[in-house]
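K.L.:
One file: my_file_15.txt (compact mmCIF, N, CA and C atoms).
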# COMPACT_ATOMS: atom_id res chain seq x y z
N MET A 1 9.16 0.29 -15.72
CA MET A 1 10.20 0.77 -16.59
C MET A 1 11.18 1.58 -15.75
N ARG A 2 12.45 1.30 -15.92
CA ARG A 2 13.49 1.95 -15.14
C ARG A 2 14.15 3.05 -15.95
N ALA A 3 14.52 4.13 -15.26
CA ALA A 3 15.23 5.22 -15.92
C ALA A 3 16.61 4.72 -16.36
N GLU A 4 17.06 5.16 -17.52
CA GLU A 4 18.33 4.72 -18.05
C GLU A 4 19.47 5.05 -17.09
N GLY A 5 20.29 4.03 -16.79
CA GLY A 5 21.44 4.23 -15.92
C GLY A 5 21.15 4.12 -14.43
N SER A 6 19.90 3.93 -14.05
CA SER A 6 19.60 3.83 -12.62
C SER A 6 19.60 2.37 -12.18
N THR A 7 19.96 2.14 -10.94
CA THR A 7 19.95 0.79 -10.38
C THR A 7 18.56 0.51 -9.83
N PRO A 8 18.23 -0.77 -9.60
CA PRO A 8 16.91 -1.08 -9.03
C PRO A 8 16.67 -0.37 -7.70
N SER A 9 17.68 -0.29 -6.82
CA SER A 9 17.47 0.38 -5.53
C SER A 9 17.27 1.88 -5.69
N GLU A 10 17.93 2.49 -6.65
CA GLU A 10 17.72 3.92 -6.92
C GLU A 10 16.31 4.15 -7.45
N GLU A 11 15.86 3.26 -8.31
CA GLU A 11 14.51 3.38 -8.87
C GLU A 11 13.47 3.21 -7.76
N TYR A 12 13.68 2.25 -6.87
CA TYR A 12 12.77 2.02 -5.76
C TYR A 12 12.70 3.26 -4.87
N ALA A 13 13.84 3.83 -4.55
CA ALA A 13 13.89 5.03 -3.71
C ALA A 13 13.19 6.20 -4.38
N ARG A 14 13.25 6.27 -5.70
CA ARG A 14 12.63 7.37 -6.43
C ARG A 14 11.11 7.31 -6.34
N VAL A 15 10.55 6.12 -6.32
CA VAL A 15 9.09 5.99 -6.33
C VAL A 15 8.51 5.71 -4.95
N MET A 16 9.32 5.42 -3.95
CA MET A 16 8.85 5.11 -2.60
C MET A 16 8.38 6.39 -1.90
N LYS A 17 7.24 6.29 -1.23
CA LYS A 17 6.69 7.42 -0.47
C LYS A 17 6.50 6.98 0.98
N THR A 18 6.68 7.89 1.91
CA THR A 18 6.47 7.61 3.32
C THR A 18 5.40 8.57 3.84
N LEU A 19 4.40 8.02 4.50
CA LEU A 19 3.34 8.81 5.09
C LEU A 19 3.28 8.50 6.58
N ASP A 20 3.08 9.50 7.40
CA ASP A 20 2.96 9.31 8.83
C ASP A 20 1.52 9.54 9.25
N PHE A 21 0.95 8.58 9.97
CA PHE A 21 -0.43 8.67 10.45
C PHE A 21 -0.45 8.44 11.96
N ASP A 22 -1.31 9.17 12.66
CA ASP A 22 -1.54 8.82 14.06
C ASP A 22 -2.51 7.64 14.07
N GLU A 23 -2.79 7.08 15.24
CA GLU A 23 -3.63 5.88 15.34
C GLU A 23 -5.03 6.09 14.76
N ASP A 24 -5.64 7.24 15.04
CA ASP A 24 -6.99 7.50 14.52
C ASP A 24 -6.99 7.63 13.00
N GLU A 25 -5.99 8.28 12.45
CA GLU A 25 -5.90 8.41 11.00
C GLU A 25 -5.68 7.05 10.34
N LEU A 26 -4.85 6.23 10.95
CA LEU A 26 -4.60 4.90 10.41
C LEU A 26 -5.87 4.04 10.44
N LYS A 27 -6.63 4.11 11.53
CA LYS A 27 -7.90 3.37 11.61
C LYS A 27 -8.86 3.83 10.52
N LEU A 28 -8.93 5.13 10.30
CA LEU A 28 -9.79 5.68 9.25
C LEU A 28 -9.34 5.21 7.87
N LEU A 29 -8.05 5.23 7.62
CA LEU A 29 -7.52 4.79 6.34
C LEU A 29 -7.81 3.31 6.10
N VAL A 30 -7.60 2.48 7.12
CA VAL A 30 -7.88 1.04 6.98
C VAL A 30 -9.37 0.82 6.70
N ALA A 31 -10.24 1.53 7.41
CA ALA A 31 -11.68 1.40 7.17
C ALA A 31 -12.04 1.83 5.75
N ALA A 32 -11.43 2.90 5.27
CA ALA A 32 -11.71 3.39 3.91
C ALA A 32 -11.23 2.38 2.87
N VAL A 33 -10.05 1.80 3.07
CA VAL A 33 -9.53 0.83 2.11
C VAL A 33 -10.38 -0.44 2.12
N ARG A 34 -10.82 -0.87 3.30
CA ARG A 34 -11.72 -2.03 3.37
C ARG A 34 -13.03 -1.76 2.64
N SER A 35 -13.58 -0.58 2.82
CA SER A 35 -14.81 -0.21 2.13
C SER A 35 -14.60 -0.20 0.63
N TYR A 36 -13.49 0.34 0.20
CA TYR A 36 -13.12 0.36 -1.22
C TYR A 36 -13.02 -1.06 -1.75
N LEU A 37 -12.39 -1.93 -0.99
CA LEU A 37 -12.23 -3.33 -1.38
C LEU A 37 -13.57 -4.02 -1.52
N ASP A 38 -14.50 -3.74 -0.64
CA ASP A 38 -15.82 -4.36 -0.67
C ASP A 38 -16.62 -4.01 -1.93
N ASP A 39 -16.27 -2.94 -2.60
CA ASP A 39 -17.00 -2.48 -3.79
C ASP A 39 -16.57 -3.18 -5.08
N PHE A 40 -15.53 -4.01 -5.03
CA PHE A 40 -15.02 -4.63 -6.25
C PHE A 40 -15.64 -5.99 -6.48
N GLY A 41 -15.77 -6.33 -7.76
CA GLY A 41 -16.25 -7.64 -8.16
C GLY A 41 -15.10 -8.56 -8.50
N HIS A 42 -15.43 -9.67 -9.07
CA HIS A 42 -14.43 -10.67 -9.37
C HIS A 42 -13.56 -10.31 -10.57
N GLU A 43 -14.00 -9.44 -11.44
CA GLU A 43 -13.24 -9.14 -12.64
C GLU A 43 -12.03 -8.26 -12.37
N GLU A 44 -11.90 -7.71 -11.18
CA GLU A 44 -10.74 -6.86 -10.84
C GLU A 44 -9.76 -7.61 -9.95
N ALA A 45 -9.43 -8.85 -10.31
CA ALA A 45 -8.61 -9.71 -9.46
C ALA A 45 -7.26 -9.08 -9.12
N ASP A 46 -6.60 -8.48 -10.10
CA ASP A 46 -5.29 -7.88 -9.84
C ASP A 46 -5.41 -6.73 -8.85
N LEU A 47 -6.43 -5.89 -9.03
CA LEU A 47 -6.64 -4.77 -8.12
C LEU A 47 -6.99 -5.27 -6.72
N LEU A 48 -7.79 -6.32 -6.63
CA LEU A 48 -8.14 -6.90 -5.33
C LEU A 48 -6.88 -7.38 -4.60
N ARG A 49 -5.99 -8.04 -5.32
CA ARG A 49 -4.74 -8.51 -4.70
C ARG A 49 -3.92 -7.33 -4.19
N ARG A 50 -3.83 -6.27 -4.98
CA ARG A 50 -3.04 -5.11 -4.58
C ARG A 50 -3.63 -4.41 -3.36
N VAL A 51 -4.95 -4.28 -3.33
CA VAL A 51 -5.61 -3.64 -2.19
C VAL A 51 -5.46 -4.49 -0.94
N LYS A 52 -5.59 -5.81 -1.07
CA LYS A 52 -5.40 -6.70 0.08
C LYS A 52 -3.98 -6.61 0.61
N HIS A 53 -3.02 -6.52 -0.29
CA HIS A 53 -1.62 -6.37 0.11
C HIS A 53 -1.42 -5.04 0.86
N LEU A 54 -2.05 -3.99 0.38
CA LEU A 54 -1.99 -2.70 1.05
C LEU A 54 -2.58 -2.78 2.45
N LEU A 55 -3.71 -3.46 2.60
CA LEU A 55 -4.30 -3.61 3.93
C LEU A 55 -3.37 -4.33 4.88
N VAL A 56 -2.70 -5.37 4.41
CA VAL A 56 -1.74 -6.09 5.26
C VAL A 56 -0.64 -5.15 5.72
N LYS A 57 -0.13 -4.34 4.79
CA LYS A 57 0.93 -3.39 5.15
C LYS A 57 0.43 -2.35 6.14
N LEU A 58 -0.79 -1.86 5.94
CA LEU A 58 -1.33 -0.84 6.83
C LEU A 58 -1.57 -1.38 8.23
N GLN A 59 -1.93 -2.65 8.33
CA GLN A 59 -2.26 -3.23 9.62
C GLN A 59 -1.07 -3.84 10.34
N ALA A 60 0.11 -3.84 9.70
CA ALA A 60 1.31 -4.37 10.33
C ALA A 60 1.67 -3.51 11.55
N GLN A 61 2.13 -4.17 12.56
CA GLN A 61 2.58 -3.44 13.75
C GLN A 61 3.82 -2.63 13.39
N PRO A 62 4.03 -1.48 14.06
CA PRO A 62 5.19 -0.63 13.72
C PRO A 62 6.51 -1.41 13.70
N SER A 63 6.70 -2.37 14.60
CA SER A 63 7.93 -3.15 14.62
C SER A 63 8.04 -4.09 13.43
N ASP A 64 6.90 -4.40 12.77
CA ASP A 64 6.89 -5.27 11.60
C ASP A 64 7.24 -4.50 10.34
N ARG A 65 7.11 -3.20 10.36
CA ARG A 65 7.38 -2.38 9.18
C ARG A 65 8.86 -2.12 9.06
N ALA A 66 9.39 -2.26 7.87
CA ALA A 66 10.82 -1.97 7.68
C ALA A 66 11.02 -1.27 6.36
So that I can check it, write out the structure of this file as structure tokens.

P.N.:
Amino acid sequence: MRAEGSTPSEEYARVMKTLDFDEDELKLLVAAVRSYLDDFGHEEADLLRRVKHLLVKLQAQPSDRA
């Protein structure tokens, strides 16, 4: 749901967050997300897709992130 009068790019900027991690923190986060993913069954298909997408983003090389 978009705020009245806001454009899609303004709405995206409002909800977008940026986090900075060093290499060790990023490895820990990826391991934690993988562990979290391993705990789900088949009935959480939408959540599984979202977590897998997050892992892809986390594992992207810095030059791949935009």

K.L.:
Using all atoms listed in the file, can you list as a CSV table (one decimal) with N, CA and C atoms, keeping the file's coordinate frame the residues within 8 Å of (-8.9, -7.2, -4.7)?

P.N.:
chain,number,residue,atom,x,y,z
A,36,TYR,N,-13.5,0.3,0.2
A,36,TYR,CA,-13.1,0.4,-1.2
A,36,TYR,C,-13.0,-1.1,-1.8
A,37,LEU,N,-12.4,-1.9,-1.0
A,37,LEU,CA,-12.2,-3.3,-1.4
A,37,LEU,C,-13.6,-4.0,-1.5
A,38,ASP,N,-14.5,-3.7,-0.6
A,38,ASP,CA,-15.8,-4.4,-0.7
A,38,ASP,C,-16.6,-4.0,-1.9
A,40,PHE,N,-15.5,-4.0,-5.0
A,40,PHE,CA,-15.0,-4.6,-6.2
A,40,PHE,C,-15.6,-6.0,-6.5
A,41,GLY,N,-15.8,-6.3,-7.8
A,41,GLY,CA,-16.2,-7.6,-8.2
A,41,GLY,C,-15.1,-8.6,-8.5
A,44,GLU,N,-11.9,-7.7,-11.2
A,44,GLU,CA,-10.7,-6.9,-10.8
A,44,GLU,C,-9.8,-7.6,-10.0
A,45,ALA,N,-9.4,-8.8,-10.3
A,45,ALA,CA,-8.6,-9.7,-9.5
A,45,ALA,C,-7.3,-9.1,-9.1
A,46,ASP,N,-6.6,-8.5,-10.1
A,46,ASP,CA,-5.3,-7.9,-9.8
A,46,ASP,C,-5.4,-6.7,-8.8
A,47,LEU,N,-6.4,-5.9,-9.0
A,47,LEU,CA,-6.6,-4.8,-8.1
A,47,LEU,C,-7.0,-5.3,-6.7
A,48,LEU,N,-7.8,-6.3,-6.6
A,48,LEU,CA,-8.1,-6.9,-5.3
A,48,LEU,C,-6.9,-7.4,-4.6
A,49,ARG,N,-6.0,-8.0,-5.3
A,49,ARG,CA,-4.7,-8.5,-4.7
A,49,ARG,C,-3.9,-7.3,-4.2
A,50,ARG,N,-3.8,-6.3,-5.0
A,50,ARG,CA,-3.0,-5.1,-4.6
A,50,ARG,C,-3.6,-4.4,-3.4
A,51,VAL,N,-5.0,-4.3,-3.3
A,51,VAL,CA,-5.6,-3.6,-2.2
A,51,VAL,C,-5.5,-4.5,-0.9
A,52,LYS,N,-5.6,-5.8,-1.1
A,52,LYS,CA,-5.4,-6.7,0.1
A,52,LYS,C,-4.0,-6.6,0.6
A,53,HIS,N,-3.0,-6.5,-0.3
A,53,HIS,CA,-1.6,-6.4,0.1
A,53,HIS,C,-1.4,-5.0,0.9

K.L.:
Quote the spacing between atom C of A:Lys57 and atom N of A:Thr18 in Å to one decimal place.

P.N.:
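Between atom C of A:Lys57 and atom N of A:Thr18 the gap works out to 12.7 Å.
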
K.L.:
Mind giving me the straight-line distance from atom CA of A:Ala31 to atom CA of A:Ala60 in Å, one decimal?

P.N.:
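Answer for the atom CA of A:Ala31 to atom CA of A:Ala60 separation: 14.6 Å.
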
K.L.:
Could you pull out the residues in stretch 13-61 of chain A that DSSP calls alpha helix (DSSP H) from the backbone, as a ChimeraX atom specification?

P.N.:
/A:13-15,23-38,45-59
